[in-house]
file data_6.csv (CSV, C-alpha atoms)
chain,number,residue,atom,x,y,z
A,1,MET,CA,-2.4,-32.0,6.1
A,2,ARG,CA,-6.2,-32.5,5.6
A,3,ILE,CA,-8.2,-29.4,5.0
A,4,LYS,CA,-10.8,-28.8,7.6
A,5,ALA,CA,-14.5,-28.9,6.7
A,6,LYS,CA,-15.0,-25.4,8.3
A,7,GLU,CA,-12.4,-23.9,6.1
A,8,ILE,CA,-13.9,-25.5,3.0
A,9,ALA,CA,-17.3,-24.2,3.9
A,10,GLN,CA,-16.0,-20.7,4.4
A,11,GLU,CA,-14.0,-20.7,1.2
A,12,MET,CA,-16.9,-22.0,-0.9
A,13,GLY,CA,-19.5,-19.8,0.8
A,14,ILE,CA,-21.7,-22.8,2.0
A,15,SER,CA,-22.6,-24.2,5.4
A,16,PRO,CA,-20.4,-26.6,7.3
A,17,ALA,CA,-23.3,-29.0,7.5
A,18,THR,CA,-23.5,-29.2,3.7
A,19,VAL,CA,-19.8,-30.0,3.5
A,20,SER,CA,-20.2,-32.6,6.2
A,21,LEU,CA,-23.0,-34.4,4.3
A,22,ALA,CA,-20.8,-34.5,1.2
A,23,LEU,CA,-17.7,-35.8,3.0
A,24,ASN,CA,-19.7,-38.5,4.8
A,25,ASP,CA,-21.7,-39.5,1.7
A,26,ARG,CA,-25.0,-38.8,3.3
A,27,PRO,CA,-28.3,-37.8,1.7
A,28,GLY,CA,-29.6,-34.3,1.9
A,29,ILE,CA,-27.7,-32.5,-0.8
A,30,SER,CA,-27.9,-32.7,-4.6
A,31,ALA,CA,-25.4,-34.8,-6.7
A,32,GLY,CA,-24.2,-31.6,-8.3
A,33,THR,CA,-23.4,-29.8,-5.0
A,34,LYS,CA,-21.7,-32.9,-3.7
A,35,LYS,CA,-19.5,-33.2,-6.8
A,36,ARG,CA,-18.6,-29.5,-6.6
A,37,ILE,CA,-17.5,-29.9,-3.0
A,38,LEU,CA,-15.4,-33.1,-3.6
A,39,ASP,CA,-13.8,-31.6,-6.7
A,40,TYR,CA,-12.9,-28.5,-4.8
A,41,ILE,CA,-11.3,-30.5,-1.9
A,42,ARG,CA,-9.4,-32.7,-4.4
A,43,ASP,CA,-8.0,-29.6,-6.2
A,44,ARG,CA,-7.1,-27.9,-2.9
A,45,GLU,CA,-5.3,-31.0,-1.6
A,46,ALA,CA,-3.4,-31.4,-4.9
A,47,GLU,CA,-2.3,-27.8,-4.6
A,48,GLN,CA,-1.3,-28.2,-1.0
A,49,TYR,CA,0.7,-31.3,-1.8
A,50,ARG,CA,2.5,-29.5,-4.7
A,51,ARG,CA,3.5,-26.7,-2.4
A,52,GLN,CA,4.8,-29.1,0.2
A,53,GLU,CA,6.9,-30.8,-2.4
A,54,LEU,CA,8.3,-27.5,-3.5
A,55,GLU,CA,9.1,-26.4,0.0
A,56,THR,CA,10.9,-29.6,1.0
A,57,SER,CA,13.0,-29.4,-2.2
A,58,SER,CA,13.8,-25.7,-1.8
A,59,CYS,CA,17.3,-24.3,-1.9
A,60,GLY,CA,16.8,-21.8,0.9
A,61,THR,CA,14.2,-19.3,2.1
A,62,ILE,CA,13.1,-15.9,0.8
A,63,LEU,CA,11.6,-13.6,3.4
A,64,MET,CA,8.9,-10.9,2.8
A,65,ILE,CA,9.1,-8.6,5.9
A,66,SER,CA,6.5,-6.0,6.8
A,67,TYR,CA,8.5,-3.7,9.0
A,68,ILE,CA,6.4,-1.9,11.7
A,69,LYS,CA,7.9,1.1,13.4
A,70,ASN,CA,5.0,3.2,14.5
A,71,GLY,CA,2.3,0.7,13.5
A,72,ILE,CA,0.3,3.3,11.6
A,73,ILE,CA,1.1,2.8,8.0
A,74,MET,CA,1.8,-1.0,7.8
A,75,GLU,CA,-1.1,-2.0,10.0
A,76,ARG,CA,-3.3,0.0,7.6
A,77,SER,CA,-2.1,-2.3,4.8
A,78,ILE,CA,-2.9,-5.3,6.9
A,79,ARG,CA,-6.4,-4.0,7.7
A,80,THR,CA,-7.1,-3.1,4.1
A,81,ASN,CA,-6.1,-6.6,2.9
A,82,THR,CA,-3.1,-5.3,0.9
A,83,ALA,CA,-1.1,-8.2,2.4
A,84,GLU,CA,-3.7,-10.7,1.4
A,85,LEU,CA,-3.4,-9.6,-2.2
A,86,VAL,CA,0.4,-9.4,-2.2
A,87,PHE,CA,1.4,-12.6,-0.2
A,88,PRO,CA,-0.1,-15.3,-2.4
A,89,ALA,CA,1.3,-13.9,-5.6
A,90,MET,CA,4.8,-13.5,-4.0
A,91,GLU,CA,4.6,-17.0,-2.5
A,92,GLU,CA,3.7,-18.5,-5.9
A,93,ALA,CA,6.7,-16.8,-7.6
A,94,VAL,CA,9.1,-17.8,-4.9
A,95,LEU,CA,8.0,-21.5,-4.8
A,96,ARG,CA,8.2,-21.6,-8.6
A,97,ALA,CA,11.8,-20.4,-8.4
A,98,GLY,CA,12.6,-23.3,-6.0
A,99,TYR,CA,12.8,-21.4,-2.7
A,100,ALA,CA,10.7,-21.6,0.5
A,101,PHE,CA,8.6,-18.5,1.3
A,102,LYS,CA,8.0,-16.8,4.6
A,103,GLY,CA,5.9,-13.7,5.2
A,104,ILE,CA,6.9,-12.1,8.5
A,105,VAL,CA,5.7,-9.0,10.4
A,106,TYR,CA,8.7,-7.5,12.3
A,107,HIS,CA,7.6,-5.0,15.0
A,108,GLU,CA,10.4,-2.8,16.2
A,109,GLN,CA,8.9,-2.4,19.6
A,110,LEU,CA,8.2,-6.1,20.2
A,111,HIS,CA,11.3,-7.9,18.7
A,112,ARG,CA,15.0,-7.7,19.3
A,113,ILE,CA,16.8,-7.2,16.0
A,114,GLU,CA,19.7,-9.5,17.1
A,115,ASP,CA,17.3,-12.4,17.8
A,116,PHE,CA,15.6,-11.8,14.4
A,117,LEU,CA,18.8,-11.9,12.5
A,118,GLN,CA,19.8,-15.1,14.2
A,119,GLN,CA,16.5,-16.6,13.2
A,120,CYS,CA,17.1,-15.5,9.6
A,121,ARG,CA,20.3,-17.4,9.6
A,122,ALA,CA,18.6,-20.5,11.0
A,123,TRP,CA,16.0,-20.3,8.2
A,124,ASP,CA,18.8,-20.2,5.6
A,125,VAL,CA,17.4,-17.0,4.2
A,126,ARG,CA,18.9,-16.2,0.8
A,127,GLY,CA,17.1,-12.9,0.2
A,128,ILE,CA,14.7,-10.4,1.7
A,129,TYR,CA,11.9,-8.3,0.2
A,130,LEU,CA,11.4,-5.5,2.8
A,131,MET,CA,8.1,-3.5,3.0
A,132,ALA,CA,9.9,-0.5,4.3
A,133,ALA,CA,7.3,2.3,4.3
A,134,GLU,CA,7.8,3.1,8.0
A,135,MET,CA,11.6,2.6,8.2
A,136,LYS,CA,14.1,5.4,8.9
A,137,GLN,CA,17.4,5.5,7.1
A,138,GLY,CA,19.4,3.9,10.0
A,139,ASP,CA,16.9,1.0,10.4
A,140,ILE,CA,18.3,-0.8,7.4
A,141,TYR,CA,21.9,-1.3,8.7
A,142,PRO,CA,21.3,-4.3,10.9
A,143,PHE,CA,19.8,-6.2,8.0
A,144,LEU,CA,23.0,-5.5,5.9
A,145,GLU,CA,24.9,-7.7,8.4
A,146,LEU,CA,23.2,-10.8,6.8
A,147,ASP,CA,25.2,-10.1,3.6
A,148,ILE,CA,22.4,-11.3,1.3
A,149,PRO,CA,20.4,-9.6,-1.5
A,150,ILE,CA,17.7,-7.2,-0.1
A,151,VAL,CA,15.1,-5.4,-2.2
A,152,THR,CA,13.0,-2.6,-0.6
A,153,GLY,CA,9.5,-1.4,-1.3
A,154,ASP,CA,8.2,2.1,-0.5
A,155,ASN,CA,11.5,3.5,0.7
A,156,LEU,CA,14.9,4.5,-0.7
A,157,PHE,CA,18.0,3.9,1.4
A,158,TYR,CA,20.4,6.2,-0.3
A,159,ASP,CA,23.7,5.0,1.3
A,160,ALA,CA,23.0,1.3,1.4
A,161,GLY,CA,23.1,0.6,-2.3
A,162,LEU,CA,19.9,-1.5,-2.3
A,163,ASP,CA,17.4,-2.2,-5.1
A,164,SER,CA,14.1,-0.3,-4.5
A,165,TYR,CA,10.6,-0.4,-6.0
A,166,LEU,CA,8.8,2.8,-5.5
A,167,ILE,CA,5.7,4.9,-6.3
A,168,ASP,CA,6.7,8.0,-8.3
A,169,ASN,CA,5.4,10.4,-5.8
A,170,GLN,CA,6.8,13.5,-7.6
A,171,GLU,CA,5.1,12.5,-10.8
A,172,GLY,CA,1.8,11.9,-8.9
A,173,ILE,CA,1.9,15.3,-7.2
A,174,ALA,CA,2.7,16.9,-10.5
A,175,ARG,CA,-0.4,15.3,-11.9
A,176,CYS,CA,-2.5,16.7,-9.0
A,177,VAL,CA,-1.2,20.3,-9.4
A,178,ASP,CA,-1.3,20.3,-13.2
A,179,TYR,CA,-4.9,19.0,-13.1
A,180,LEU,CA,-6.0,21.7,-10.6
A,181,VAL,CA,-4.2,24.5,-12.4
A,182,GLU,CA,-5.7,23.5,-15.7
A,183,LYS,CA,-9.1,23.8,-14.0
A,184,GLY,CA,-8.4,27.3,-13.0
A,185,HIS,CA,-7.2,26.8,-9.4
A,186,SER,CA,-4.1,28.5,-7.9
A,187,HIS,CA,-5.0,28.9,-4.2
A,188,ILE,CA,-4.3,25.3,-3.4
A,189,VAL,CA,-3.5,23.9,0.1
A,190,TYR,CA,-1.9,20.5,0.8
A,191,LEU,CA,-3.5,18.6,3.8
A,192,ALA,CA,-1.0,16.1,5.3
A,193,GLU,CA,-0.9,13.5,8.0
A,194,ASN,CA,1.2,14.4,11.1
A,195,ILE,CA,3.6,11.6,10.6
A,196,SER,CA,6.7,11.6,8.4
A,197,ILE,CA,7.4,8.6,6.2
A,198,PHE,CA,9.4,8.4,2.9
A,199,ASN,CA,6.3,8.6,0.6
A,200,PHE,CA,4.7,11.5,2.5
A,201,HIS,CA,8.0,13.4,2.6
A,202,GLU,CA,8.5,13.0,-1.2
A,203,ARG,CA,4.9,14.2,-1.8
A,204,ARG,CA,5.3,17.3,0.4
A,205,GLU,CA,8.5,18.3,-1.3
A,206,ALA,CA,7.0,17.7,-4.7
A,207,PHE,CA,4.0,19.9,-3.8
A,208,VAL,CA,6.2,22.9,-3.0
A,209,LEU,CA,8.3,22.3,-6.2
A,210,GLU,CA,5.3,21.9,-8.5
A,211,MET,CA,3.4,24.9,-7.1
A,212,ALA,CA,6.5,27.0,-7.8
A,213,LYS,CA,6.8,25.6,-11.3
A,214,LYS,CA,3.2,26.6,-12.0
A,215,GLN,CA,3.9,30.1,-10.6
A,216,CYS,CA,1.3,29.6,-7.8
A,217,GLY,CA,3.6,31.1,-5.1
A,218,ASP,CA,5.6,29.7,-2.2
A,219,ALA,CA,3.7,26.7,-1.1
A,220,SER,CA,5.9,25.8,1.9
A,221,ASN,CA,3.4,27.6,4.2
A,222,ARG,CA,0.4,25.8,2.5
A,223,ILE,CA,1.0,22.4,4.0
A,224,ARG,CA,-1.4,21.8,6.9
A,225,TYR,CA,-1.0,18.8,9.2
A,226,MET,CA,-4.3,17.2,10.2
A,227,GLY,CA,-3.7,13.9,12.1
A,228,SER,CA,-2.9,10.3,11.6
A,229,SER,CA,-6.4,8.7,11.8
A,230,VAL,CA,-9.7,9.4,10.1
A,231,GLU,CA,-11.2,10.7,13.4
A,232,GLU,CA,-8.2,13.1,14.0
A,233,VAL,CA,-8.3,14.4,10.5
A,234,CYS,CA,-12.1,14.9,10.6
A,235,ALA,CA,-11.8,16.9,13.9
A,236,ALA,CA,-8.9,19.0,12.5
A,237,MET,CA,-10.9,19.7,9.3
A,238,SER,CA,-13.9,20.9,11.4
A,239,ARG,CA,-11.6,23.3,13.2
A,240,TYR,CA,-10.2,24.5,9.9
A,241,LEU,CA,-13.7,25.2,8.6
A,242,ASP,CA,-14.5,27.2,11.7
A,243,GLU,CA,-11.5,29.4,10.9
A,244,GLY,CA,-12.8,29.9,7.3
A,245,LEU,CA,-11.1,28.8,4.1
A,246,ARG,CA,-10.4,32.4,3.0
A,247,ASP,CA,-9.1,32.3,-0.7
A,248,THR,CA,-8.5,28.5,-0.8
A,249,THR,CA,-10.4,26.8,-3.6
A,250,ALA,CA,-8.8,23.4,-3.7
A,251,PHE,CA,-7.1,20.8,-1.4
A,252,VAL,CA,-4.6,18.1,-2.3
A,253,LEU,CA,-5.2,15.2,0.2
A,254,GLU,CA,-2.0,13.3,1.1
A,255,SER,CA,-3.4,9.9,1.8
A,256,SER,CA,-6.5,7.8,2.0
A,257,VAL,CA,-6.8,8.6,5.7
A,258,VAL,CA,-6.7,12.4,4.9
A,259,SER,CA,-9.2,11.9,2.1
A,260,LEU,CA,-11.6,10.0,4.4
A,261,GLY,CA,-11.3,12.4,7.3
A,262,VAL,CA,-11.6,15.6,5.2
A,263,GLY,CA,-14.5,14.2,3.1
A,264,LYS,CA,-16.4,13.2,6.3
A,265,ALA,CA,-16.0,16.7,7.8
A,266,LEU,CA,-17.1,18.4,4.6
A,267,LEU,CA,-20.1,16.2,4.2
A,268,GLU,CA,-21.1,16.7,7.8
A,269,ARG,CA,-21.0,20.5,7.2
A,270,HIS,CA,-23.1,20.0,4.0
A,271,MET,CA,-20.4,21.7,1.9
A,272,ARG,CA,-21.0,21.5,-1.8
A,273,ILE,CA,-18.2,19.6,-3.4
A,274,PRO,CA,-16.8,20.8,-5.8
A,275,ARG,CA,-18.7,24.0,-5.9
A,276,ASP,CA,-17.6,25.2,-2.5
A,277,ILE,CA,-14.2,23.4,-2.4
A,278,SER,CA,-12.4,21.1,-4.8
A,279,LEU,CA,-10.6,18.0,-3.7
A,280,ILE,CA,-8.0,15.6,-5.3
A,281,GLY,CA,-6.7,12.7,-3.2
A,282,PHE,CA,-3.6,10.5,-3.3
A,283,ASP,CA,-4.1,6.7,-2.9
A,284,ALA,CA,-7.2,4.6,-3.5
A,285,LEU,CA,-10.2,4.6,-1.1
A,286,PRO,CA,-12.2,1.6,0.1
A,287,PRO,CA,-15.4,1.1,-1.9
A,288,VAL,CA,-18.4,3.1,-0.8
A,289,SER,CA,-16.3,4.9,1.8
A,290,LEU,CA,-17.7,8.4,1.2
A,291,PRO,CA,-21.3,8.1,0.0
A,292,GLY,CA,-22.3,10.9,-2.4
A,293,LEU,CA,-18.7,11.9,-3.1
A,294,ASN,CA,-16.9,10.6,-6.2
A,295,LEU,CA,-13.4,11.8,-5.4
A,296,THR,CA,-10.8,12.5,-8.1
A,297,LEU,CA,-7.8,10.4,-7.2
A,298,ILE,CA,-4.1,9.8,-8.0
A,299,LYS,CA,-3.5,6.1,-7.6
A,300,GLY,CA,-0.3,4.1,-7.5
A,301,THR,CA,0.1,0.4,-8.1
A,302,HIS,CA,0.9,-1.9,-5.1
A,303,THR,CA,0.5,-5.6,-5.8
A,304,LYS,CA,2.2,-5.5,-9.3
A,305,ARG,CA,5.1,-3.3,-8.0
A,306,HIS,CA,5.8,-5.5,-5.0
A,307,LEU,CA,5.6,-8.7,-7.1
A,308,ALA,CA,8.1,-7.1,-9.6
A,309,GLY,CA,10.4,-6.4,-6.7
A,310,VAL,CA,10.3,-10.1,-5.6
A,311,ASP,CA,11.0,-11.3,-9.2
A,312,HIS,CA,14.0,-8.9,-9.3
A,313,LEU,CA,15.2,-10.3,-5.9
A,314,ILE,CA,15.1,-13.8,-7.2
A,315,ARG,CA,17.2,-12.8,-10.3
A,316,HIS,CA,19.6,-11.0,-7.9
A,317,ILE,CA,20.0,-14.1,-5.7
A,318,GLU,CA,20.7,-16.2,-8.8
A,319,GLY,CA,23.3,-13.8,-10.0
A,320,ASP,CA,21.4,-12.7,-13.1
A,321,ASP,CA,20.9,-9.1,-12.1
A,322,GLU,CA,23.8,-7.4,-10.2
A,323,GLU,CA,23.2,-3.7,-11.1
A,324,ILE,CA,21.5,-1.6,-8.5
A,325,MET,CA,18.0,-0.7,-9.6
A,326,ARG,CA,15.6,2.0,-8.4
A,327,VAL,CA,12.3,1.4,-10.2
A,328,TYR,CA,9.6,4.1,-10.1
A,329,TYR,CA,6.1,3.2,-11.0
A,330,LYS,CA,4.0,6.0,-12.5
A,331,THR,CA,0.6,6.9,-11.1
A,332,ARG,CA,-2.8,7.1,-12.7
A,333,LEU,CA,-5.4,9.9,-12.5
A,334,LEU,CA,-8.8,8.6,-11.8
A,335,GLU,CA,-11.2,11.4,-12.6
A,336,GLY,CA,-14.2,11.8,-10.4
A,337,ASP,CA,-16.4,14.8,-9.9
A,338,SER,CA,-14.7,16.5,-7.0
A,339,VAL,CA,-12.9,19.3,-8.9
A,340,PHE,CA,-14.7,22.4,-10.1
A,341,ASP,CA,-13.7,23.6,-13.6
A,342,LYS,CA,-13.2,27.3,-12.9
A,343,ALA,CA,-11.5,27.7,-16.3
A,344,LYS,CA,-14.9,27.2,-18.1
A,345,TYR,CA,-16.2,30.4,-16.4
A,346,ILE,CA,-13.0,32.4,-16.2
A,347,TYR,CA,-12.0,32.1,-19.9
A,348,ARG,CA,-15.2,31.7,-21.8
call {"tool": "encode", "arguments": {"input": "data_6.csv", "output": "structure tokens"}}
result
Amino acid sequence: MRIKAKEIAQEMGISPATVSLALNDRPGISAGTKKRILDYIRDREAEQYRRQELETSSCGTILMISYIKNGIIMERSIRTNTAELVFPAMEEAVLRAGYAFKGIVYHEQLHRIEDFLQQCRAWDVRGIYLMAAEMKQGDIYPFLELDIPIVTGDNLFYDAGLDSYLIDNQEGIARCVDYLVEKGHSHIVYLAENISIFNFHERREAFVLEMAKKQCGDASNRIRYMGSSVEEVCAAMSRYLDEGLRDTTAFVLESSVVSLGVGKALLERHMRIPRDISLIGFDALPPVSLPGLNLTLIKGTHTKRHLAGVDHLIRHIEGDDEEIMRVYYKTRLLEGDSVFDKAKYIYR
């Protein structure tokens, strides 16, 4: 299939008119620009041809399914280009192994699971990597009817005996609490979204556990639910500020949405961060999302983790890896300047 001039122009960051001049061998562009365009087209067509050859000689299909239940979490991944980063790497690995690759968005409210399973059989699906952040425990059972290897990301189906690739949420929250306590904070509140998914549930449980370990009291009543969009969280934080923060000196922010909403509300109130309140977030933020605020973050890996899951799926399909694996990826602390070091003043 010939690549369209408009696509070439967009990918190369040049005008469609320039591409047209090169393709039609017309004057008006330099020899160097023309050569660069034609070389790019040649390389793209060769890559496209190679992929078509791999697909036609494949020994079945591997599916990567983004499962949408409430649409909140997975659609965020789509909007923030997570899928664009993950899909090409997955496709390359699958094609190299001799399988066809399909990336599918399955929306629970829009699709009948019976029809979808029938389509999987028609595609000769040999294995599935399931982006399962929004799924409940019972949602996995229809997929088990296919009787093929399944690897899940961002969820752990305890009774199904599936391989899973996960962020180590407990370790990440332990990093948060340890860091804050080392800086002299003990009156810490956890700000959460008002939806419950596997990752969030693990983080909330870990917060209560880690606060108890650090002798910071019973934190089960220090989890405050703020909303599931930046606007909702911002409004909830404004109401919280109207009530007064009392003894609270630090917040753990459950997700990027909570970080953005809380940060926006605090900046609008001209709160001094970290002098008035300290913040530590979980998950990366979009670049330049909170001007003037360099947030300390706990960050997990996504692209590498999901790609490792697909590599394991391929080994499982080929019978090289039959043990059930639950792989937890550790987090990293990215130190910003949003946490006040009280210990410097308390213990000097």
call {"tool": "residues_around", "arguments": {"input": "data_6.csv", "residues": "stretch 122-131 of chain A", "least_positions_apart": "2", "cutoff": "7 Å", "atoms": "only C-alpha atoms", "output": "list in words"}}
result
Gly60, Thr61, Ile62, Leu63, Met64, Ile65, Ser66, Tyr67, Gln118, Gln119, Cys120, Ala133, Ile148, Pro149, Ile150, Val151, Thr152, Gly153, Asp154, Val310, Leu313 and Ile317 of chain A
call {"tool": "closest_residue", "arguments": {"input": "data_6.csv", "among": "A:Pro88, A:Gly261, A:Gly161, A:Gly292", "to": "A:Gly227", "atoms": "all atoms listed in the file"}}
result
A:Gly261
call {"tool": "closest_residue", "arguments": {"input": "data_6.csv", "among": "A:Ser15, A:Glu335, A:Asp311, A:Gly32", "to": "A:Leu95", "atoms": "only C-alpha atoms"}}
result
A:Asp311
call {"tool": "atom_distance", "arguments": {"input": "data_6.csv", "atom1": "atom CA of A:Ser338", "atom2": "atom CA of A:Leu267"}}
result
12.4 Å
call {"tool": "atom_distance", "arguments": {"input": "data_6.csv", "atom1": "atom CA of A:Asp163", "atom2": "atom CA of A:Arg204"}}
result
23.6 Å
call {"tool": "residues_near_point", "arguments": {"input": "data_6.csv", "point": "(-0.9, 30.7, -7.1)", "cutoff": "8 Å", "atoms": "only C-alpha atoms", "output": "ChimeraX atom specification"}}
result
/A:185-188,211,214-217
call {"tool": "closest_residue", "arguments": {"input": "data_6.csv", "among": "A:Ile113, A:Val19, A:Met237, A:Ala89", "to": "A:Arg269", "atoms": "all atoms listed in the file"}}
result
A:Met237
call {"tool": "decode", "arguments": {"input": "data_6.csv", "residues": "stretch 219-247 of chain A", "atoms": "C-alpha atoms", "output": "mmCIF file, in the first residue's frame"}}
result
data_model
loop_
_atom_site.group_PDB
_atom_site.id
_atom_site.type_symbol
_atom_site.label_atom_id
_atom_site.label_comp_id
_atom_site.auth_asym_id
_atom_site.auth_seq_id
_atom_site.Cartn_x
_atom_site.Cartn_y
_atom_site.Cartn_z
ATOM 1 C CA ALA A 219 -4.462 6.420 58.919
ATOM 2 C CA SER A 220 -7.689 4.700 57.877
ATOM 3 C CA ASN A 221 -9.497 7.986 58.551
ATOM 4 C CA ARG A 222 -6.837 10.031 56.733
ATOM 5 C CA ILE A 223 -7.912 9.049 53.215
ATOM 6 C CA ARG A 224 -9.981 11.766 51.578
ATOM 7 C CA TYR A 225 -11.781 11.177 48.263
ATOM 8 C CA MET A 226 -11.549 14.103 45.869
ATOM 9 C CA GLY A 227 -13.042 13.199 42.460
ATOM 10 C CA SER A 228 -12.071 11.540 39.192
ATOM 11 C CA SER A 229 -11.187 14.523 36.992
ATOM 12 C CA VAL A 230 -8.818 17.449 37.419
ATOM 13 C CA GLU A 231 -11.779 19.839 37.690
ATOM 14 C CA GLU A 232 -13.535 17.746 40.359
ATOM 15 C CA VAL A 233 -10.340 17.372 42.385
ATOM 16 C CA CYS A 234 -9.599 21.094 42.147
ATOM 17 C CA ALA A 235 -13.098 21.988 43.393
ATOM 18 C CA ALA A 236 -12.886 19.435 46.229
ATOM 19 C CA MET A 237 -9.493 20.793 47.265
ATOM 20 C CA SER A 238 -10.864 24.335 47.359
ATOM 21 C CA ARG A 239 -13.604 23.169 49.733
ATOM 22 C CA TYR A 240 -10.967 21.373 51.834
ATOM 23 C CA LEU A 241 -8.948 24.586 52.097
ATOM 24 C CA ASP A 242 -12.088 26.464 53.200
ATOM 25 C CA GLU A 243 -12.401 24.015 56.087
ATOM 26 C CA GLY A 244 -8.766 24.573 57.103
ATOM 27 C CA LEU A 245 -5.919 22.059 57.045
ATOM 28 C CA ARG A 246 -5.628 21.948 60.851
ATOM 29 C CA ASP A 247 -2.495 19.931 61.783
#
